[in-house]
$ cat target09.cif   # mmCIF, C-alpha atoms
data_work
loop_
_atom_site.label_atom_id
_atom_site.label_comp_id
_atom_site.auth_asym_id
_atom_site.auth_seq_id
_atom_site.Cartn_x
_atom_site.Cartn_y
_atom_site.Cartn_z
CA MET A 14 -19.02 18.36 3.82
CA GLN A 15 -19.36 15.40 6.18
CA ALA A 16 -19.55 16.31 9.89
CA ALA A 17 -17.54 14.51 12.55
CA VAL A 18 -18.98 11.62 14.54
CA GLN A 19 -19.06 12.26 18.29
CA THR A 20 -16.91 9.78 20.26
CA LYS A 21 -16.16 9.23 23.93
CA ARG A 22 -12.43 9.24 23.28
CA SER A 23 -10.35 12.12 21.99
CA PRO A 24 -10.00 11.82 18.21
CA TRP A 25 -6.25 12.30 18.61
CA VAL A 26 -6.04 9.23 20.85
CA ILE A 27 -8.00 7.24 18.26
CA LEU A 28 -5.68 8.57 15.56
CA LEU A 29 -2.74 7.13 17.52
CA VAL A 30 -4.23 3.63 17.25
CA LEU A 31 -4.94 4.06 13.55
CA CYS A 32 -1.40 5.27 12.98
CA LEU A 33 0.03 2.18 14.68
CA GLY A 34 -1.75 -0.06 12.19
CA PHE A 35 -0.79 2.16 9.26
CA PHE A 36 2.79 2.33 10.55
CA MET A 37 3.06 -1.46 10.52
CA ILE A 38 1.84 -1.71 6.91
CA LEU A 39 4.33 0.88 5.63
CA LEU A 40 7.15 -0.37 7.84
CA ASP A 41 6.77 -3.84 6.36
CA LEU A 42 7.00 -2.54 2.80
CA THR A 43 10.16 -0.48 3.24
CA ILE A 44 11.90 -2.82 5.67
CA VAL A 45 11.61 -5.77 3.27
CA ASN A 46 13.31 -3.81 0.47
CA VAL A 47 16.54 -3.65 2.46
CA ALA A 48 16.36 -7.36 3.31
CA ILE A 49 15.94 -8.62 -0.28
CA PRO A 50 19.66 -9.39 -0.93
CA SER A 51 19.88 -11.28 2.39
CA ILE A 52 16.67 -13.21 1.63
CA ILE A 53 18.12 -14.26 -1.73
CA ASP A 54 21.21 -15.65 0.01
CA GLY A 55 19.30 -17.18 2.93
CA LEU A 56 16.72 -19.03 0.83
CA HIS A 57 19.07 -19.73 -2.11
CA ALA A 58 16.61 -18.17 -4.55
CA GLY A 59 16.91 -16.18 -7.75
CA LEU A 60 16.11 -12.48 -8.00
CA ASP A 61 12.99 -13.03 -10.15
CA GLU A 62 11.65 -15.48 -7.58
CA ILE A 63 12.35 -13.26 -4.59
CA LEU A 64 10.90 -10.19 -6.28
CA TRP A 65 7.53 -11.87 -5.82
CA VAL A 66 8.09 -11.50 -2.08
CA LEU A 67 7.33 -7.85 -2.79
CA ASN A 68 5.04 -8.24 -5.79
CA ALA A 69 2.68 -10.82 -4.26
CA TYR A 70 1.93 -8.46 -1.39
CA ILE A 71 1.38 -5.47 -3.68
CA LEU A 72 -0.82 -7.42 -6.11
CA VAL A 73 -3.16 -8.84 -3.46
CA TYR A 74 -3.23 -5.53 -1.59
CA ALA A 75 -4.27 -3.57 -4.68
CA VAL A 76 -6.90 -6.06 -5.85
CA LEU A 77 -8.70 -6.33 -2.51
CA LEU A 78 -8.74 -2.68 -1.38
CA ILE A 79 -12.10 -1.73 -2.92
CA THR A 80 -13.82 -4.87 -1.67
CA ALA A 81 -12.38 -4.40 1.81
CA GLY A 82 -13.70 -0.85 1.91
CA ARG A 83 -17.22 -2.07 1.20
CA LEU A 84 -16.89 -4.81 3.84
CA GLY A 85 -16.06 -2.09 6.35
CA ASP A 86 -19.26 -0.26 5.38
CA MET A 87 -21.23 -3.47 5.87
CA PHE A 88 -19.77 -4.87 9.09
CA GLY A 89 -18.15 -1.86 10.75
CA ALA A 90 -14.75 -0.25 10.30
CA LYS A 91 -13.54 -1.20 13.79
CA ARG A 92 -14.28 -4.89 13.31
CA LEU A 93 -12.56 -5.01 9.92
CA PHE A 94 -9.59 -3.01 11.24
CA LEU A 95 -9.05 -5.59 13.99
CA ILE A 96 -9.47 -8.52 11.59
CA GLY A 97 -6.97 -7.02 9.14
CA LEU A 98 -4.54 -6.32 11.95
CA ALA A 99 -4.77 -9.89 13.26
CA VAL A 100 -4.34 -11.42 9.78
CA PHE A 101 -1.33 -9.21 9.03
CA THR A 102 0.35 -9.96 12.36
CA LEU A 103 -0.14 -13.73 12.05
CA ALA A 104 1.12 -13.62 8.45
CA SER A 105 4.24 -11.80 9.68
CA ILE A 106 4.95 -14.77 11.95
CA GLY A 107 4.49 -17.02 8.91
CA CYS A 108 7.02 -14.95 6.95
CA SER A 109 9.54 -15.27 9.77
CA LEU A 110 9.18 -19.07 9.85
CA ALA A 111 9.32 -19.58 6.05
CA GLN A 112 11.87 -22.16 4.90
CA SER A 113 11.53 -21.68 1.13
CA PRO A 114 10.71 -18.91 -1.35
CA GLY A 115 7.28 -20.46 -1.96
CA GLN A 116 6.40 -20.43 1.73
CA LEU A 117 7.55 -16.83 2.07
CA ILE A 118 5.56 -15.71 -0.98
CA PHE A 119 2.43 -17.44 0.36
CA ALA A 120 2.81 -15.71 3.72
CA ARG A 121 3.25 -12.39 1.92
CA VAL A 122 -0.01 -13.02 0.05
CA ILE A 123 -1.76 -13.40 3.42
CA GLN A 124 -0.06 -10.21 4.59
CA GLY A 125 -1.50 -8.47 1.53
CA VAL A 126 -4.97 -9.67 2.50
CA GLY A 127 -4.54 -8.28 6.02
CA GLY A 128 -3.12 -4.99 4.79
CA ALA A 129 -5.95 -4.53 2.27
CA ILE A 130 -8.58 -5.18 4.95
CA LEU A 131 -6.96 -2.77 7.42
CA THR A 132 -6.08 0.24 5.27
CA PRO A 133 -9.52 1.52 4.13
CA GLN A 134 -10.90 1.18 7.65
CA THR A 135 -8.26 3.53 9.04
CA LEU A 136 -9.17 6.20 6.51
CA SER A 137 -12.89 5.69 7.12
CA ILE A 138 -12.52 6.12 10.88
CA LEU A 139 -10.19 9.11 10.53
CA THR A 140 -12.52 11.08 8.26
CA ASN A 141 -15.48 10.33 10.53
CA ILE A 142 -13.96 11.38 13.87
CA PHE A 143 -12.40 14.71 12.82
CA PRO A 144 -14.43 17.80 11.84
CA PRO A 145 -13.71 19.24 8.39
CA ASP A 146 -11.62 22.14 9.72
CA ARG A 147 -9.24 19.75 11.55
CA ARG A 148 -8.86 17.02 8.98
CA GLY A 149 -5.91 18.72 7.30
CA ALA A 150 -3.95 18.63 10.56
CA ALA A 151 -5.00 15.02 11.16
CA PHE A 152 -3.83 13.99 7.71
CA GLY A 153 -0.62 15.90 8.37
CA VAL A 154 0.03 13.66 11.37
CA TRP A 155 -0.93 10.72 9.17
CA GLY A 156 1.68 11.81 6.64
CA ALA A 157 4.27 12.22 9.38
CA VAL A 158 3.65 8.63 10.46
CA ALA A 159 4.19 7.54 6.86
CA GLY A 160 7.50 9.40 6.95
CA ILE A 161 8.49 7.78 10.25
CA ALA A 162 7.72 4.33 8.87
CA SER A 163 9.67 5.06 5.70
CA VAL A 164 12.66 6.26 7.73
CA THR A 165 12.44 3.45 10.27
CA GLY A 166 12.02 0.73 7.63
CA PRO A 167 15.36 0.99 5.81
CA THR A 168 17.32 1.96 8.92
CA LEU A 169 15.82 -0.60 11.30
CA GLY A 170 15.84 -3.21 8.55
CA GLY A 171 19.50 -2.61 7.89
CA PHE A 172 20.30 -2.90 11.59
CA LEU A 173 18.31 -6.12 12.01
CA VAL A 174 19.71 -7.78 8.88
CA THR A 175 23.28 -6.76 9.72
CA ASN A 176 23.15 -7.88 13.37
CA PHE A 177 20.56 -10.68 13.32
CA SER A 178 18.95 -12.16 10.18
CA TRP A 179 16.40 -11.36 7.49
CA GLN A 180 13.70 -13.11 9.56
CA ALA A 181 13.96 -10.33 12.13
CA VAL A 182 12.44 -7.80 9.71
CA PHE A 183 9.17 -9.73 9.93
CA TRP A 184 9.30 -10.52 13.65
CA VAL A 185 9.39 -6.79 14.38
CA ASN A 186 5.78 -6.51 13.16
CA VAL A 187 4.50 -8.85 15.86
CA PRO A 188 4.80 -6.62 18.97
CA VAL A 189 3.51 -3.61 17.03
CA GLY A 190 0.52 -5.63 15.83
CA ILE A 191 -0.29 -6.96 19.31
CA VAL A 192 -0.15 -3.49 20.90
CA ALA A 193 -2.30 -1.98 18.13
CA PHE A 194 -4.84 -4.82 18.43
CA VAL A 195 -5.25 -4.41 22.20
CA LEU A 196 -5.55 -0.63 21.94
CA GLY A 197 -7.96 -0.99 19.02
CA ILE A 198 -10.35 -3.16 21.04
CA TRP A 199 -10.29 -0.62 23.86
CA LEU A 200 -10.25 2.73 22.06
CA LEU A 201 -11.68 2.55 18.54
CA PRO A 202 -15.30 3.68 18.08
CA GLY A 203 -17.83 1.46 16.36
CA ILE A 204 -18.65 3.44 13.22
CA ARG A 205 -21.09 2.13 10.62
CA LEU A 206 -23.06 3.80 7.86
CA GLY A 207 -26.66 4.59 8.69
CA ARG A 208 -28.05 2.52 5.79
CA GLU A 209 -27.70 -1.16 4.98
CA GLN A 210 -24.98 -1.96 2.45
CA ASN A 211 -24.72 -4.75 -0.13
CA LEU A 212 -21.47 -6.35 -1.30
CA ASP A 213 -22.36 -6.30 -5.05
CA PRO A 214 -20.52 -9.50 -6.14
CA VAL A 215 -20.67 -8.57 -9.85
CA GLY A 216 -18.99 -5.24 -9.18
CA VAL A 217 -16.41 -6.92 -6.95
CA LEU A 218 -15.50 -9.44 -9.67
CA LEU A 219 -15.26 -6.79 -12.39
CA ALA A 220 -13.18 -4.39 -10.28
CA SER A 221 -10.91 -7.14 -8.92
CA GLY A 222 -10.37 -8.61 -12.40
CA ALA A 223 -9.51 -5.21 -13.85
CA LEU A 224 -7.06 -4.41 -11.07
CA PHE A 225 -5.44 -7.85 -11.24
CA ALA A 226 -4.90 -7.65 -15.00
CA VAL A 227 -3.39 -4.16 -14.92
CA VAL A 228 -1.24 -4.61 -11.80
CA PHE A 229 0.03 -8.05 -12.87
CA GLY A 230 0.90 -6.63 -16.29
CA LEU A 231 2.83 -3.74 -14.76
CA ILE A 232 4.69 -6.04 -12.38
CA GLU A 233 5.64 -8.71 -14.93
CA GLY A 234 5.85 -6.64 -18.13
CA GLN A 235 9.59 -6.03 -18.15
CA ARG A 236 10.39 -9.59 -17.11
CA TYR A 237 8.59 -10.97 -20.17
CA HIS A 238 9.74 -8.14 -22.46
CA TRP A 239 6.13 -6.99 -22.72
CA GLY A 240 5.28 -10.13 -24.71
CA THR A 241 3.97 -13.64 -24.01
CA PHE A 242 4.04 -14.62 -20.33
CA THR A 243 3.00 -18.28 -20.66
CA ASP A 244 3.82 -21.01 -23.18
CA VAL A 245 0.48 -22.81 -22.77
CA THR A 246 -1.04 -21.24 -25.89
CA SER A 247 2.09 -19.83 -27.54
CA PHE A 248 3.29 -20.71 -31.03
CA ASP A 249 5.95 -19.76 -33.57
CA ALA A 250 4.88 -18.14 -36.83
CA ALA A 251 6.16 -15.60 -39.35
CA GLY A 252 9.58 -15.64 -37.77
CA GLY A 253 8.29 -14.67 -34.33
CA HIS A 254 6.97 -16.12 -31.08
CA TRP A 255 3.28 -15.46 -30.47
CA GLY A 256 0.74 -16.26 -27.80
CA LEU A 257 -2.74 -15.44 -26.59
CA PHE A 258 -1.59 -14.57 -23.07
CA THR A 259 0.56 -11.50 -23.52
CA ILE A 260 1.21 -8.45 -21.38
CA PRO A 261 -0.61 -6.13 -23.85
CA SER A 262 -3.61 -8.49 -23.82
CA LEU A 263 -3.70 -8.18 -20.04
CA PHE A 264 -3.87 -4.40 -20.29
CA ILE A 265 -6.65 -4.66 -22.90
CA ALA A 266 -8.58 -7.10 -20.71
CA GLY A 267 -8.08 -4.82 -17.72
CA ALA A 268 -9.39 -1.82 -19.66
CA ILE A 269 -12.45 -3.76 -20.85
CA LEU A 270 -13.23 -5.02 -17.35
CA LEU A 271 -12.78 -1.52 -15.95
CA ALA A 272 -15.17 -0.08 -18.53
CA LEU A 273 -17.73 -2.77 -17.72
CA PHE A 274 -17.29 -2.04 -14.01
CA VAL A 275 -17.93 1.67 -14.55
CA LEU A 276 -21.06 0.96 -16.60
CA TRP A 277 -22.32 -1.54 -14.03
CA ASP A 278 -21.56 0.64 -11.04
CA ARG A 279 -23.34 3.68 -12.48
CA VAL A 280 -26.71 1.91 -12.49
CA GLN A 281 -26.44 0.50 -8.96
CA SER A 282 -28.35 2.09 -6.09
CA GLN A 283 -25.34 1.44 -3.84
CA PRO A 284 -22.28 1.76 -6.10
CA LEU A 285 -19.08 0.06 -5.00
CA VAL A 286 -17.19 3.19 -6.06
CA PRO A 287 -19.27 6.41 -6.15
CA PHE A 288 -17.97 7.82 -9.44
CA SER A 289 -19.80 11.05 -8.72
CA LEU A 290 -16.76 11.89 -6.61
CA PHE A 291 -14.75 12.31 -9.81
CA SER A 292 -16.97 15.23 -10.80
CA ASP A 293 -15.07 17.11 -8.08
CA ARG A 294 -12.04 18.51 -9.89
CA ASN A 295 -9.93 18.68 -6.73
CA PHE A 296 -10.63 15.03 -5.95
CA THR A 297 -9.76 13.86 -9.47
CA VAL A 298 -6.61 15.94 -9.84
CA GLY A 299 -5.46 15.12 -6.31
CA ASN A 300 -5.75 11.39 -6.82
CA GLY A 301 -4.07 11.56 -10.22
CA LEU A 302 -1.13 13.51 -8.83
CA ALA A 303 -0.85 11.16 -5.86
CA ALA A 304 -0.64 8.19 -8.24
CA ILE A 305 2.08 9.86 -10.34
CA VAL A 306 4.14 10.81 -7.28
CA SER A 307 3.81 7.29 -5.87
CA PHE A 308 5.03 5.78 -9.14
CA GLY A 309 8.13 7.96 -8.99
CA MET A 310 8.83 7.61 -5.28
CA MET A 311 8.05 3.96 -4.53
CA GLY A 312 9.60 2.76 -7.78
CA LEU A 313 12.93 4.17 -6.66
CA PHE A 314 13.41 2.28 -3.39
CA LEU A 315 13.89 -1.32 -4.53
CA PRO A 316 16.38 -0.85 -7.41
CA LEU A 317 18.33 1.71 -5.40
CA THR A 318 18.50 -0.64 -2.40
CA ILE A 319 19.81 -3.51 -4.54
CA PHE A 320 22.27 -1.16 -6.29
CA LEU A 321 23.68 0.14 -3.01
CA GLN A 322 24.25 -3.35 -1.58
CA SER A 323 25.06 -5.48 -4.63
CA VAL A 324 26.99 -2.96 -6.75
CA LEU A 325 28.47 -0.46 -4.30
CA GLY A 326 28.99 -3.07 -1.58
CA PHE A 327 27.14 -1.20 1.17
CA SER A 328 26.02 -3.13 4.23
CA ALA A 329 22.27 -3.37 4.79
CA LEU A 330 22.53 -0.79 7.58
CA LYS A 331 24.53 1.67 5.47
CA ALA A 332 22.07 1.26 2.59
CA GLY A 333 19.19 1.99 4.97
CA LEU A 334 20.88 5.11 6.30
CA THR A 335 21.57 6.28 2.74
CA LEU A 336 17.85 6.10 1.94
CA ALA A 337 16.76 7.78 5.18
CA PRO A 338 17.01 11.54 4.32
CA MET A 339 14.03 11.62 1.91
CA PRO A 340 11.40 10.06 4.20
CA LEU A 341 12.93 11.82 7.22
CA THR A 342 12.33 15.18 5.55
CA SER A 343 8.77 14.12 4.66
CA MET A 344 8.16 13.17 8.28
CA LEU A 345 9.29 16.59 9.54
CA VAL A 346 7.44 18.64 6.93
CA ALA A 347 4.11 16.75 6.81
CA PRO A 348 2.52 18.14 10.03
CA PHE A 349 3.31 21.73 9.01
CA SER A 350 1.99 21.25 5.48
CA GLY A 351 -1.24 19.79 6.89
CA ARG A 352 -1.84 22.85 9.08
CA ALA A 353 -0.88 25.18 6.23
CA THR A 354 -3.42 23.45 3.99
CA ASP A 355 -6.18 24.13 6.54
CA ARG A 356 -5.25 27.83 6.53
CA VAL A 357 -4.37 28.74 2.95
CA GLY A 358 -5.72 25.83 0.90
CA GLY A 359 -3.85 23.01 -0.74
CA LYS A 360 -3.15 24.43 -4.21
CA TYR A 361 0.05 26.33 -3.49
CA ILE A 362 1.28 23.77 -0.96
CA LEU A 363 0.82 21.07 -3.60
CA MET A 364 2.59 23.09 -6.30
CA PHE A 365 5.57 23.73 -4.04
CA GLY A 366 5.76 20.08 -2.98
CA LEU A 367 5.60 18.79 -6.57
CA THR A 368 8.33 21.22 -7.61
CA CYS A 369 10.61 20.00 -4.82
CA PHE A 370 9.83 16.38 -5.65
CA ALA A 371 10.61 16.84 -9.35
CA ALA A 372 13.87 18.62 -8.56
CA GLY A 373 14.94 15.89 -6.15
CA MET A 374 14.12 13.08 -8.57
CA GLY A 375 16.06 14.89 -11.29
CA LEU A 376 19.14 15.12 -9.06
CA VAL A 377 18.91 11.42 -8.17
#
$ encode --input "target09.cif" --output "structure tokens"
Amino acid sequence: MQAAVQTKRSPWVILLVLCLGFFMILLDLTIVNVAIPSIIDGLHAGLDEILWVLNAYILVYAVLLITAGRLGDMFGAKRLFLIGLAVFTLASIGCSLAQSPGQLIFARVIQGVGGAILTPQTLSILTNIFPPDRRGAAFGVWGAVAGIASVTGPTLGGFLVTNFSWQAVFWVNVPVGIVAFVLGIWLLPGIRLGREQNLDPVGVLLASGALFAVVFGLIEGQRYHWGTFTDVTSFDAAGGHWGLFTIPSLFIAGAILLALFVLWDRVQSQPLVPFSLFSDRNFTVGNGLAAIVSFGMMGLFLPLTIFLQSVLGFSALKAGLTLAPMPLTSMLVAPFSGRATDRVGGKYILMFGLTCFAAGMGLV
């Protein structure tokens, strides 16, 4: 197991800086959910158009994560963390100044770039500065920060939208970003791998293409009834409407590109994704479960937020407070579960957590 890198600063102080950047990323995601109805009214846009305010960020973020992780290996995690933080903060200003849905979506794309650059660097630094026997506690604090951001997002977003305007939910990122940037320059250690890294442009293109096809298909599938999503090559025949560019064809293309990426990556001396990690059963199962839980949890926030405000007539603040108990509980429990994992192992903690999650989702 990887040993910790010795640093001049306390790893807990460094973790504070990392958590500020992570906090801003998660805050932005949850705070925007609450503001969606107000953005629709303020920019006179349709729901499908404004949904791309969320989707553009998620799409770019997902596609660029792997590449950004390799860039951190090449040029240093601290440098990439600061670049991502600066890009995200400047893009937040752009979101606040947007005068049309198109301008807002473009600014959100830039935010996605910044978030994708920042996120893998925080994890890289965290795992390098803490020894193996203290990483569980560190990730517990990390999880608590995620809970705080999730609680703060809907509640603070509701307050800002109710008392100011939807632009305020983006302005709030600016002071957080500035503070994190200054502290990052001062406190973060310069951590780089001991060997020279290559970007592997072929692997980047294959991985990015696969992720784009799958994520775009998942985002737009229901909107296009899982059929043709462009009329450029569509035609009518046999009593139906057909086209080359369909949602299923995107999934097929994504699967093919992913298979090609795996084959390519396996023969590289410096693989973009070390697939040997998946030979570790705990790693594979853990990531699979995390993906399933994220599908269930994150997929709930947006429709529930719109339902509370548009159907039940809740104010943005009341809707935010209604959503607060789940992430608030996560925030309180996460540090204890991290320490418990260090002591007794993660299996039983994970089983208990998944049981509680399934029961809660069933009640909702």
$ closest_residue --input "target09.cif" --among "A:Leu285, A:Ile260, A:Ala150, A:Leu336" --to "Pro316 (chain A)" --atoms "only C-alpha atoms"
A:Leu336
$ residues_around --input "target09.cif" --residues "Leu313 (chain A)" --least-positions-apart "3" --cutoff "12 Å" --atoms "all atoms listed in the file" --output "PyMOL selection string"
chain A and resi 43+46+306-310+316-320+336+339+373-374+377
$ closest_atom_pairs --input "target09.cif" --of "region 147-222 of chain A" --to "region 54-64 of chain A" --cutoff "12 Å" --atoms "only C-alpha atoms" --output "CSV"
residue,atom,partner,partner_atom,distance
A:Val174,CA,A:Gly55,CA,11.1
A:Ser178,CA,A:Gly55,CA,8.8
A:Trp179,CA,A:Gly55,CA,7.9
A:Gln180,CA,A:Gly55,CA,9.6
$ write_last_selection --input "target09.cif" --atoms "C-alpha atoms" --output "PDB file, in the coordinates of the input"
ATOM      1  CA  VAL A 174      19.710  -7.780   8.880  1.00  0.00           C
ATOM      2  CA  SER A 178      18.950 -12.160  10.180  1.00  0.00           C
ATOM      3  CA  TRP A 179      16.400 -11.360   7.490  1.00  0.00           C
ATOM      4  CA  GLN A 180      13.700 -13.110   9.560  1.00  0.00           C
TER       5      GLN A 180
END
$ closest_residue --input "target09.cif" --among "A:Pro188, A:Gly171, A:Gly197, A:Gly153" --to "Gly97 (chain A)" --atoms "only C-alpha atoms"
A:Gly197
$ closest_residue --input "target09.cif" --among "A:Leu290, A:Leu29, A:Leu367, A:Tyr74" --to "Ala303 (chain A)" --atoms "all atoms listed in the file"
A:Leu367
$ resolve_selection --input "target09.cif" --expression "the PyMOL selection byres ((chain A and resi 124-137) around 6)" --output "ChimeraX atom specification"
/A:31,70,73-74,77-78,81-82,90,94,97,100-101,104,121-123,138-140
$ build_atoms --input "target09.cif" --residues "region 85-101 of chain A" --atoms "N, CA and C atoms" --output "JSON list (two decimals), in the frame of the given file"
[["chain", "number", "residue", "atom", "x", "y", "z"],
["A", 85, "GLY", "N", -16.05, -2.97, 5.18],
["A", 85, "GLY", "CA", -16.06, -2.09, 6.35],
["A", 85, "GLY", "C", -17.37, -1.35, 6.49],
["A", 86, "ASP", "N", -17.94, -0.91, 5.35],
["A", 86, "ASP", "CA", -19.26, -0.26, 5.38],
["A", 86, "ASP", "C", -20.34, -1.21, 5.89],
["A", 87, "MET", "N", -20.20, -2.49, 5.53],
["A", 87, "MET", "CA", -21.23, -3.47, 5.87],
["A", 87, "MET", "C", -21.15, -3.94, 7.33],
["A", 88, "PHE", "N", -19.94, -4.22, 7.78],
["A", 88, "PHE", "CA", -19.77, -4.87, 9.09],
["A", 88, "PHE", "C", -19.12, -3.99, 10.15],
["A", 89, "GLY", "N", -18.75, -2.77, 9.78],
["A", 89, "GLY", "CA", -18.15, -1.86, 10.75],
["A", 89, "GLY", "C", -16.65, -1.74, 10.56],
["A", 90, "ALA", "N", -16.16, -0.49, 10.54],
["A", 90, "ALA", "CA", -14.75, -0.25, 10.30],
["A", 90, "ALA", "C", -13.87, -0.80, 11.42],
["A", 91, "LYS", "N", -14.34, -0.70, 12.67],
["A", 91, "LYS", "CA", -13.54, -1.20, 13.79],
["A", 91, "LYS", "C", -13.32, -2.70, 13.67],
["A", 92, "ARG", "N", -14.39, -3.43, 13.40],
["A", 92, "ARG", "CA", -14.28, -4.89, 13.31],
["A", 92, "ARG", "C", -13.32, -5.31, 12.20],
["A", 93, "LEU", "N", -13.43, -4.66, 11.04],
["A", 93, "LEU", "CA", -12.56, -5.01, 9.92],
["A", 93, "LEU", "C", -11.12, -4.59, 10.18],
["A", 94, "PHE", "N", -10.94, -3.45, 10.87],
["A", 94, "PHE", "CA", -9.59, -3.01, 11.24],
["A", 94, "PHE", "C", -8.91, -4.08, 12.10],
["A", 95, "LEU", "N", -9.62, -4.59, 13.09],
["A", 95, "LEU", "CA", -9.05, -5.59, 13.99],
["A", 95, "LEU", "C", -8.78, -6.91, 13.26],
["A", 96, "ILE", "N", -9.68, -7.30, 12.36],
["A", 96, "ILE", "CA", -9.47, -8.52, 11.59],
["A", 96, "ILE", "C", -8.23, -8.38, 10.70],
["A", 97, "GLY", "N", -8.13, -7.25, 9.99],
["A", 97, "GLY", "CA", -6.97, -7.02, 9.14],
["A", 97, "GLY", "C", -5.68, -7.01, 9.92],
["A", 98, "LEU", "N", -5.72, -6.38, 11.10],
["A", 98, "LEU", "CA", -4.54, -6.32, 11.95],
["A", 98, "LEU", "C", -4.11, -7.71, 12.41],
["A", 99, "ALA", "N", -5.07, -8.53, 12.81],
["A", 99, "ALA", "CA", -4.77, -9.89, 13.26],
["A", 99, "ALA", "C", -4.20, -10.73, 12.12],
["A", 100, "VAL", "N", -4.82, -10.64, 10.94],
["A", 100, "VAL", "CA", -4.34, -11.42, 9.78],
["A", 100, "VAL", "C", -2.92, -11.01, 9.42],
["A", 101, "PHE", "N", -2.66, -9.70, 9.40],
["A", 101, "PHE", "CA", -1.33, -9.21, 9.03],
["A", 101, "PHE", "C", -0.28, -9.65, 10.04]]
